[in-house]
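What follows is target.cif (mmCIF, C-alpha atoms and all ligand atoms).
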data_upload
#
loop_
_atom_site.label_atom_id
_atom_site.label_comp_id
_atom_site.auth_asym_id
_atom_site.auth_seq_id
_atom_site.Cartn_x
_atom_site.Cartn_y
_atom_site.Cartn_z
CA MET A 1 -5.57 -14.57 -15.89
CA LEU A 2 -3.79 -12.05 -13.67
CA CYS A 3 -3.93 -14.32 -10.65
CA ARG A 4 -2.64 -17.30 -12.67
CA ARG A 5 0.25 -15.07 -13.75
CA ILE A 6 1.04 -14.16 -10.14
CA GLU A 7 0.75 -17.77 -8.96
CA ARG A 8 3.20 -18.82 -11.73
CA ILE A 9 5.69 -16.13 -10.64
CA TYR A 10 5.54 -17.48 -7.07
CA ARG A 11 5.92 -21.09 -8.26
CA GLU A 12 8.98 -20.14 -10.32
CA SER A 13 10.50 -18.69 -7.13
CA GLY A 14 9.80 -21.90 -5.22
CA ALA A 15 6.89 -20.43 -3.21
CA GLU A 16 3.29 -21.60 -3.22
CA MET A 17 0.62 -18.93 -3.55
CA THR A 18 -3.08 -19.23 -4.21
CA THR A 19 -5.24 -16.15 -4.44
CA ASP A 20 -8.67 -16.14 -2.86
CA PRO A 21 -11.18 -15.80 -5.73
CA THR A 22 -13.90 -13.79 -3.96
CA ASP A 23 -11.92 -11.02 -2.31
CA GLN A 24 -8.22 -10.94 -3.12
CA GLN A 25 -8.61 -11.41 -6.87
CA PHE A 26 -10.90 -8.39 -7.13
CA TYR A 27 -8.54 -6.28 -5.01
CA LEU A 28 -5.50 -7.32 -7.04
CA SER A 29 -7.13 -6.75 -10.41
CA THR A 30 -8.33 -3.31 -9.24
CA LEU A 31 -4.77 -2.37 -8.28
CA PHE A 32 -3.47 -3.70 -11.60
CA THR A 33 -6.05 -1.64 -13.51
CA ILE A 34 -5.30 1.56 -11.57
CA ILE A 35 -1.54 1.29 -12.13
CA LYS A 36 -2.13 0.89 -15.85
CA ALA A 37 -4.80 3.61 -16.06
CA ILE A 38 -2.62 6.24 -14.41
CA ASP A 39 0.65 4.91 -15.87
CA ALA A 40 2.15 5.02 -12.36
CA ARG A 41 5.88 5.65 -12.31
CA HIS A 42 6.33 5.77 -8.53
CA VAL A 43 4.33 3.89 -5.92
CA ILE A 44 4.78 3.63 -2.15
CA GLU A 45 3.18 0.72 -0.32
CA THR A 46 2.91 0.20 3.43
CA GLY A 47 2.64 -3.53 4.25
CA THR A 48 4.58 -5.87 1.96
CA PHE A 49 3.71 -9.23 3.59
CA VAL A 50 4.53 -11.93 0.96
CA GLY A 51 4.64 -9.31 -1.80
CA CYS A 52 1.47 -10.21 -3.70
CA SER A 53 0.13 -6.68 -4.20
CA THR A 54 3.66 -5.46 -5.00
CA ALA A 55 4.03 -8.21 -7.62
CA VAL A 56 0.71 -7.29 -9.23
CA MET A 57 1.66 -3.62 -9.49
CA ALA A 58 5.09 -4.59 -10.86
CA CYS A 59 3.40 -6.76 -13.54
CA ALA A 60 1.29 -3.77 -14.59
CA MET A 61 4.44 -1.65 -14.87
CA ASP A 62 6.16 -4.42 -16.87
CA ASP A 63 3.21 -4.43 -19.28
CA LEU A 64 3.47 -0.66 -19.63
CA ASN A 65 7.18 -1.15 -20.32
CA THR A 66 8.12 1.88 -18.25
CA ASP A 67 10.76 2.51 -15.60
CA GLY A 68 8.13 2.56 -12.82
CA VAL A 69 9.34 1.88 -9.27
CA ILE A 70 7.55 0.55 -6.17
CA GLU A 71 8.92 1.21 -2.69
CA THR A 72 7.36 -1.15 -0.16
CA ILE A 73 7.69 -0.98 3.63
CA ASP A 74 7.32 -3.74 6.23
CA PRO A 75 8.92 -4.40 9.65
CA ALA A 76 9.10 -8.11 8.70
CA PRO A 77 7.63 -9.92 11.70
CA PRO A 78 8.31 -13.68 11.89
CA ARG A 79 4.56 -14.22 11.46
CA TYR A 80 1.61 -11.97 10.66
CA GLY A 81 -2.01 -12.31 11.80
CA GLY A 82 -3.52 -15.77 11.49
CA PHE A 83 -1.60 -16.56 8.29
CA ASP A 84 0.30 -19.79 8.20
CA VAL A 85 3.40 -18.28 6.59
CA ARG A 86 6.69 -18.14 8.37
CA ASP A 87 8.78 -15.02 7.73
CA PRO A 88 6.44 -13.62 5.02
CA VAL A 89 8.71 -10.76 3.98
CA SER A 90 11.49 -13.25 3.16
CA VAL A 91 9.06 -14.84 0.66
CA ALA A 92 8.44 -11.35 -0.79
CA ASN A 93 12.16 -10.75 -0.97
CA ARG A 94 12.76 -13.98 -2.92
CA VAL A 95 9.89 -13.44 -5.36
CA LEU A 96 10.28 -9.70 -5.89
CA MET A 97 14.07 -9.69 -6.17
CA GLY A 98 13.88 -12.74 -8.46
CA HIS A 99 11.43 -11.14 -10.90
CA PHE A 100 11.27 -7.41 -10.32
CA ALA A 101 14.62 -6.34 -8.86
CA HIS A 102 14.77 -3.54 -11.45
CA ARG A 103 11.64 -1.87 -10.05
CA VAL A 104 11.05 -2.90 -6.43
CA ILE A 105 12.74 -1.42 -3.36
CA LEU A 106 12.08 -3.26 -0.09
CA HIS A 107 12.37 -1.17 3.08
CA ARG A 108 12.52 -3.05 6.36
CA GLY A 109 10.86 -1.01 9.10
CA TYR A 110 7.68 0.72 10.22
CA SER A 111 6.05 3.30 7.97
CA VAL A 112 5.57 5.72 10.88
CA SER A 113 5.56 3.96 14.23
CA ALA A 114 4.96 0.52 15.77
CA TRP A 115 1.32 0.63 16.90
CA ASP A 116 -0.42 -2.53 15.76
CA ASP A 117 0.45 -5.29 18.20
CA SER A 118 -2.89 -7.08 17.66
CA ARG A 119 -1.81 -8.93 14.52
CA ASN A 120 1.82 -9.77 15.13
CA GLU A 121 4.63 -9.49 17.61
CA LEU A 122 6.21 -6.16 16.84
CA PRO A 123 9.79 -6.89 15.81
CA SER A 124 12.60 -4.48 16.45
CA ALA A 125 13.01 -2.48 13.22
CA PRO A 126 13.57 1.14 12.23
CA GLN A 127 10.56 3.47 12.52
CA GLY A 128 9.56 6.38 10.29
CA ILE A 129 10.42 4.97 6.86
CA LEU A 130 7.41 6.71 5.25
CA THR A 131 8.26 9.88 7.16
CA GLN A 132 11.76 9.78 5.66
CA LEU A 133 10.40 9.21 2.15
CA ALA A 134 7.96 12.10 2.66
CA SER A 135 10.77 14.50 3.49
CA GLY A 136 12.35 13.89 0.07
CA GLN A 137 11.06 14.91 -3.35
CA ALA A 138 7.27 14.51 -3.81
CA LYS A 139 7.24 12.06 -6.73
CA THR A 140 4.66 9.40 -5.86
CA ASP A 141 1.66 8.71 -8.10
CA LEU A 142 -0.08 6.20 -5.82
CA LEU A 143 0.21 5.49 -2.10
CA LEU A 144 -1.12 2.05 -1.15
CA ILE A 145 -1.89 1.75 2.57
CA ASP A 146 -2.06 -1.84 3.80
CA GLY A 147 0.41 -1.98 6.69
CA ASP A 148 -0.54 -1.06 10.24
CA HIS A 149 -4.32 -1.65 10.53
CA SER A 150 -4.81 0.15 13.85
CA TYR A 151 -6.52 3.55 13.94
CA PRO A 152 -3.30 5.60 14.39
CA GLY A 153 -1.48 3.35 11.93
CA ALA A 154 -3.93 4.01 9.11
CA TYR A 155 -4.44 7.67 10.07
CA TRP A 156 -0.74 8.58 10.13
CA ASP A 157 -0.01 6.63 6.95
CA MET A 158 -2.53 8.93 5.20
CA LYS A 159 -1.42 12.12 6.93
CA ILE A 160 2.30 11.61 6.42
CA GLY A 161 1.94 9.66 3.18
CA CYS A 162 0.01 12.35 1.31
CA ARG A 163 3.21 14.45 1.45
CA THR A 164 4.90 11.97 -0.86
CA LEU A 165 2.36 12.59 -3.65
CA ARG A 166 3.44 14.50 -6.73
CA PRO A 167 1.18 17.61 -6.78
CA ASP A 168 0.99 17.54 -10.59
CA GLY A 169 0.32 13.80 -10.73
CA PRO A 170 -2.73 11.58 -10.15
CA ARG A 171 -2.40 12.06 -6.33
CA LEU A 172 -4.10 8.81 -5.33
CA ILE A 173 -4.29 7.10 -1.95
CA PHE A 174 -5.66 3.56 -1.90
CA VAL A 175 -6.54 2.18 1.55
CA HIS A 176 -7.15 -1.56 1.69
CA ASP A 177 -9.50 -3.15 4.30
CA TYR A 178 -11.71 -0.06 4.47
CA HIS A 179 -14.81 -2.21 4.77
CA SER A 180 -13.62 -5.09 6.96
CA ILE A 181 -11.60 -3.27 9.65
CA PRO A 182 -13.55 -0.65 11.66
CA ASP A 183 -10.38 1.15 12.87
CA VAL A 184 -9.19 1.59 9.31
CA ARG A 185 -12.63 2.80 8.20
CA GLN A 186 -12.81 5.30 11.06
CA ALA A 187 -9.31 6.61 10.38
CA VAL A 188 -10.20 7.19 6.70
CA ARG A 189 -13.44 8.93 7.65
CA ASP A 190 -11.74 11.20 10.21
CA TRP A 191 -8.84 12.14 7.97
CA ARG A 192 -11.19 12.80 5.10
CA MET A 193 -13.55 14.90 7.27
CA GLN A 194 -10.61 17.01 8.41
CA ASN A 195 -9.74 17.66 4.76
CA SER A 196 -13.18 17.42 3.22
CA GLN A 197 -12.77 20.08 0.56
CA TRP A 198 -9.42 18.63 -0.53
CA VAL A 199 -10.15 14.91 -0.73
CA GLU A 200 -12.44 13.04 -3.14
CA LEU A 201 -13.39 9.58 -1.91
CA ARG A 202 -14.78 6.51 -3.65
CA ALA A 203 -15.32 3.43 -1.50
CA TYR A 204 -15.83 -0.21 -2.35
CA ARG A 205 -17.85 -1.70 0.49
CA LYS A 206 -17.74 -5.45 -0.03
CA ASN A 207 -15.51 -8.07 1.57
CA SER A 208 -12.25 -6.36 2.67
CA GLY A 209 -13.21 -3.31 0.68
CA PHE A 210 -11.07 -0.30 -0.09
CA ALA A 211 -11.14 3.48 -0.18
CA LEU A 212 -9.69 5.28 -3.17
CA MET A 213 -8.98 8.94 -2.53
CA GLN A 214 -7.68 11.73 -4.68
CA CYS A 215 -5.94 14.59 -2.88
CA HIS A 216 -6.03 18.18 -4.07
CA PRO A 217 -2.56 19.64 -4.73
CA ALA A 218 -3.29 22.33 -2.09
CA LEU A 219 -3.53 19.66 0.61
CA ILE A 220 -0.22 18.12 -0.40
CA MET A 221 1.50 21.50 -0.41
CA ALA A 222 -0.01 22.47 2.97
CA GLU A 223 1.07 19.16 4.55
CA ARG A 224 4.57 19.53 3.12
CA LEU A 225 4.81 23.06 4.53
CA LYS A 226 3.82 21.75 7.98
CA ASP A 227 6.66 19.23 7.71
CA GLU A 228 9.16 22.00 6.86
CA GLY A 229 7.80 24.23 9.66
C1 LIG B 1 -2.25 -7.28 5.23
S1 LIG B 1 -0.54 -7.47 5.17
C2 LIG B 1 -0.11 -6.71 3.63
C3 LIG B 1 -0.57 -7.48 2.43
C4 LIG B 1 0.02 -7.02 1.11
N1 LIG B 1 -0.13 -5.59 0.89
C5 LIG B 1 -0.69 -7.75 -0.03
O1 LIG B 1 -1.78 -7.32 -0.45
O2 LIG B 1 -0.15 -8.76 -0.49
C6 LIG B 1 0.00 -6.29 6.35
C7 LIG B 1 1.52 -6.17 6.48
O3 LIG B 1 1.77 -4.91 7.11
C8 LIG B 1 2.91 -5.04 7.91
N2 LIG B 1 2.93 -3.93 8.87
C9 LIG B 1 2.42 -3.86 10.12
N3 LIG B 1 2.68 -2.66 10.67
C10 LIG B 1 3.35 -1.94 9.72
C11 LIG B 1 3.89 -0.62 9.68
N4 LIG B 1 3.79 0.23 10.72
N5 LIG B 1 4.52 -0.22 8.55
C12 LIG B 1 4.62 -1.04 7.50
N6 LIG B 1 4.13 -2.30 7.48
C13 LIG B 1 3.50 -2.73 8.57
C14 LIG B 1 2.78 -6.42 8.53
O4 LIG B 1 4.04 -6.89 8.96
C15 LIG B 1 2.19 -7.23 7.37
O5 LIG B 1 3.19 -7.90 6.64
#
For the file at hand, write its structure as structure tokens.
Amino acid sequence: MLCRRIERIYRESGAEMTTDPTDQQFYLSTLFTIIKAIDARHVIETGTFVGCSTAVMACAMDDLNTDGVIETIDPAPPRYGGFDVRDPVSVANRVLMGHFAHRVILHRGYSVSAWDDSRNELPSAPQGILTQLASGQAKTDLLLIDGDHSYPGAYWDMKIGCRTLRPDGPRLIFVHDYHSIPDVRQAVRDWRMQNSQWVELRAYRKNSGFALMQCHPALIMAERLKDEG
């Protein structure tokens, strides 16, 4: 049902989208369920691509009928990985601004830095968008990491991104591709080991897989203090 809804939204925007039933549909419905369960009012996502995960989270917020907002970051390469989609972020722009302009903010740039040249040509775009967001008010309920899939990319998205989390909120970090990409898995394991008493982890180890982590408020405060120092 959810995936039919998303496919219809894309069709109405003049874009074709089919969701893969074994992997992507499970991932998207998990995200949808989490947004609803925590009643997320502010989400940051690294890695917009064509905007599918953003659209799913926006649908959940529409159903909740709240003023929830999603800020999503992507440097907008002309192509990404092996996907046969030209200018994927322009597709996201059309779909998300057509349906969810009231709750989606698209940032063009790199979350922290431009590391991952294995999946796309790295376009010229501003760096440190997540770093900038992290230096503002900590108001995020969920950080979704699905941008730079290199080891430093995933590691620094967690390290910097946890500063955006609202200490009195659900404090969740969701890392996609935890099972399928060894660099991402290793980055999650290392970051978690470094903060073992402050991070609870649940992992889904099938297909792309994901890690869902909850950060202790003390970790968020300590990371924010480091930023100020
Ligand atoms: C796997 S796709 C994201 C898929 C999307 N979250 C979804 O589920 O529909 C990864 C995206 O991350 C972007 N990306 C790569 N490096 C990035 C970085 N440093 N910051 C933000 N996005 C990045 C790529 O351009 C690509 O569009």
Determine, for each residue of chain A having at least one atom at most 6 Å from an atom of ligand LIG 1 (chain B), the closest pair of atoms and their separation in Å to one decimal, counting all atoms listed in the file; order by chain and ascending number, as a tab-separated table.
residue	atom	partner	partner_atom	distance
A:Thr46	CA	B:LIG1	C12	4.6
A:Gly47	CA	B:LIG1	O3	3.3
A:Thr48	CA	B:LIG1	C4	4.8
A:Phe49	CA	B:LIG1	O5	3.4
A:Val50	CA	B:LIG1	O2	5.8
A:Gly51	CA	B:LIG1	O2	5.0
A:Cys52	CA	B:LIG1	O2	3.9
A:Ser53	CA	B:LIG1	O1	4.3
A:Ile73	CA	B:LIG1	C12	4.9
A:Asp74	CA	B:LIG1	N6	3.7
A:Pro75	CA	B:LIG1	O4	5.5
A:Ala76	CA	B:LIG1	O4	5.2
A:Pro77	CA	B:LIG1	O4	5.4
A:Tyr80	CA	B:LIG1	C15	5.8
A:Tyr110	CA	B:LIG1	N5	3.7
A:Ser111	CA	B:LIG1	N5	3.9
A:Val112	CA	B:LIG1	N4	5.8
A:Ser113	CA	B:LIG1	N4	5.4
A:Ala114	CA	B:LIG1	N4	5.2
A:Asp116	CA	B:LIG1	N3	6.0
A:Asp146	CA	B:LIG1	N1	5.1
A:Gly147	CA	B:LIG1	O3	3.3
A:Asp148	CA	B:LIG1	N3	3.6
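Shortest separation to Glu16 in chain A among A:Ile35, A:Val91, A:Ile129, A:Met1 occurs at residue A:Val91, atoms counted being all atoms listed in the file.
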**Message:** One number please: CA of Pro88 in chain A to CA of Ser29 in chain A, in Å, one decimal.
**Reply:** 21.7 Å
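Computed from the coordinates, the CA of Gln132 in chain A to CA of Asp190 in chain A distance equals 24.0 Å.
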**Message:** Just the number, please: distance in Å from CA of Arg224 in chain A to CA of Trp198 in chain A, one decimal.
**Reply:** 14.5 Å
**Message:** Using all atoms listed in the file, which protein or nucleic acid residues come within 12 Å of Ala37 in chain A? Drop anything in the same chain fewer than 4 positions from it, and give the result as JSON, numbers by chain.
**Reply:** {"A": [30, 31, 32, 33, 41, 57, 60, 61, 63, 64, 141, 142, 170, 172]}
What's the 12 Å shell around Arg8 in chain A, counting all atoms listed in the file, without same-chain residues fewer than 6 positions away, as a PDB file with C-alpha atoms, in the coordinates of the input?
ATOM      1  CA  MET A   1      -5.570 -14.570 -15.890  1.00  0.00           C
ATOM      2  CA  LEU A   2      -3.790 -12.050 -13.670  1.00  0.00           C
ATOM      3  CA  GLY A  14       9.800 -21.900  -5.220  1.00  0.00           C
ATOM      4  CA  ALA A  15       6.890 -20.430  -3.210  1.00  0.00           C
ATOM      5  CA  GLU A  16       3.290 -21.600  -3.220  1.00  0.00           C
ATOM      6  CA  MET A  17       0.620 -18.930  -3.550  1.00  0.00           C
ATOM      7  CA  THR A  18      -3.080 -19.230  -4.210  1.00  0.00           C
ATOM      8  CA  THR A  19      -5.240 -16.150  -4.440  1.00  0.00           C
ATOM      9  CA  CYS A  52       1.470 -10.210  -3.700  1.00  0.00           C
ATOM     10  CA  ALA A  55       4.030  -8.210  -7.620  1.00  0.00           C
ATOM     11  CA  VAL A  95       9.890 -13.440  -5.360  1.00  0.00           C
ATOM     12  CA  HIS A  99      11.430 -11.140 -10.900  1.00  0.00           C
TER      13      HIS A  99
END
Any chance you could work out the axis-aligned box around range 73-81 of chain A, listed atoms only, 6 Å on each side, giving centre and edge lengths in Å to one decimal, as JSON?
{"center_x": 3.5, "center_y": -7.6, "center_z": 7.8, "size_x": 23.1, "size_y": 25.2, "size_z": 20.3}
**Request:** Counting only C-alpha atoms, note down every residue that has an atom within 8 Å of the point (-6.9, 15.4, 1.1) (file coordinates), as a PyMOL selection string.
**Result:** chain A and resi 162+191-192+195-200+213-216+219-220
Please return range 108-131 of chain A, rebuilt to N, CA and C atoms, as an mmCIF file, keeping the file's coordinate frame.
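Output (rebuild00.cif):
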data_model
loop_
_atom_site.group_PDB
_atom_site.id
_atom_site.type_symbol
_atom_site.label_atom_id
_atom_site.label_comp_id
_atom_site.auth_asym_id
_atom_site.auth_seq_id
_atom_site.Cartn_x
_atom_site.Cartn_y
_atom_site.Cartn_z
ATOM 1 N N ARG A 108 12.913 -2.355 5.135
ATOM 2 C CA ARG A 108 12.520 -3.050 6.360
ATOM 3 C C ARG A 108 12.346 -2.031 7.470
ATOM 4 N N GLY A 109 11.117 -1.939 8.004
ATOM 5 C CA GLY A 109 10.860 -1.010 9.100
ATOM 6 C C GLY A 109 9.385 -0.649 9.152
ATOM 7 N N TYR A 110 9.068 0.263 10.045
ATOM 8 C CA TYR A 110 7.680 0.720 10.220
ATOM 9 C C TYR A 110 7.488 1.991 9.404
ATOM 10 N N SER A 111 6.316 2.116 8.780
ATOM 11 C CA SER A 111 6.050 3.300 7.970
ATOM 12 C C SER A 111 6.175 4.560 8.821
ATOM 13 N N VAL A 112 5.489 4.569 9.977
ATOM 14 C CA VAL A 112 5.570 5.720 10.880
ATOM 15 C C VAL A 112 6.034 5.239 12.243
ATOM 16 N N SER A 113 5.189 4.435 12.895
ATOM 17 C CA SER A 113 5.560 3.960 14.230
ATOM 18 C C SER A 113 5.051 2.528 14.399
ATOM 19 N N ALA A 114 5.367 1.921 15.538
ATOM 20 C CA ALA A 114 4.960 0.520 15.770
ATOM 21 C C ALA A 114 3.741 0.512 16.690
ATOM 22 N N TRP A 115 2.542 0.554 16.085
ATOM 23 C CA TRP A 115 1.320 0.630 16.900
ATOM 24 C C TRP A 115 0.581 -0.710 16.995
ATOM 25 N N ASP A 116 0.543 -1.425 15.878
ATOM 26 C CA ASP A 116 -0.420 -2.530 15.760
ATOM 27 C C ASP A 116 0.149 -3.845 16.310
ATOM 28 N N ASP A 117 -0.053 -4.036 17.625
ATOM 29 C CA ASP A 117 0.450 -5.290 18.200
ATOM 30 C C ASP A 117 -0.655 -6.351 18.264
ATOM 31 N N SER A 118 -1.793 -6.105 17.587
ATOM 32 C CA SER A 118 -2.890 -7.080 17.660
ATOM 33 C C SER A 118 -2.722 -8.183 16.616
ATOM 34 N N ARG A 119 -1.902 -7.954 15.608
ATOM 35 C CA ARG A 119 -1.810 -8.930 14.520
ATOM 36 C C ARG A 119 -0.470 -9.653 14.472
ATOM 37 N N ASN A 120 0.520 -9.101 15.120
ATOM 38 C CA ASN A 120 1.820 -9.770 15.130
ATOM 39 C C ASN A 120 2.644 -9.239 16.296
ATOM 40 N N GLU A 121 3.661 -10.016 16.650
ATOM 41 C CA GLU A 121 4.630 -9.490 17.610
ATOM 42 C C GLU A 121 5.377 -8.397 16.877
ATOM 43 N N LEU A 122 5.554 -7.264 17.532
ATOM 44 C CA LEU A 122 6.210 -6.160 16.840
ATOM 45 C C LEU A 122 7.728 -6.364 16.901
ATOM 46 N N PRO A 123 8.335 -6.663 15.774
ATOM 47 C CA PRO A 123 9.790 -6.890 15.810
ATOM 48 C C PRO A 123 10.543 -5.579 15.954
ATOM 49 N N SER A 124 11.781 -5.682 16.372
ATOM 50 C CA SER A 124 12.600 -4.480 16.450
ATOM 51 C C SER A 124 13.042 -4.124 15.029
ATOM 52 N N ALA A 125 12.691 -2.927 14.594
ATOM 53 C CA ALA A 125 13.010 -2.480 13.220
ATOM 54 C C ALA A 125 12.940 -0.961 13.220
ATOM 55 N N PRO A 126 13.611 -0.324 12.266
ATOM 56 C CA PRO A 126 13.570 1.140 12.230
ATOM 57 C C PRO A 126 12.149 1.668 12.072
ATOM 58 N N GLN A 127 11.876 2.832 12.666
ATOM 59 C CA GLN A 127 10.560 3.470 12.520
ATOM 60 C C GLN A 127 10.704 4.683 11.597
ATOM 61 N N GLY A 128 9.561 5.124 11.055
ATOM 62 C CA GLY A 128 9.560 6.380 10.290
ATOM 63 C C GLY A 128 10.080 6.282 8.866
ATOM 64 N N ILE A 129 9.934 5.107 8.247
ATOM 65 C CA ILE A 129 10.420 4.970 6.860
ATOM 66 C C ILE A 129 9.601 5.863 5.911
ATOM 67 N N LEU A 130 8.276 5.864 6.096
ATOM 68 C CA LEU A 130 7.410 6.710 5.250
ATOM 69 C C LEU A 130 7.698 8.187 5.518
ATOM 70 N N THR A 131 7.940 8.497 6.779
ATOM 71 C CA THR A 131 8.260 9.880 7.160
ATOM 72 C C THR A 131 9.530 10.338 6.428
#
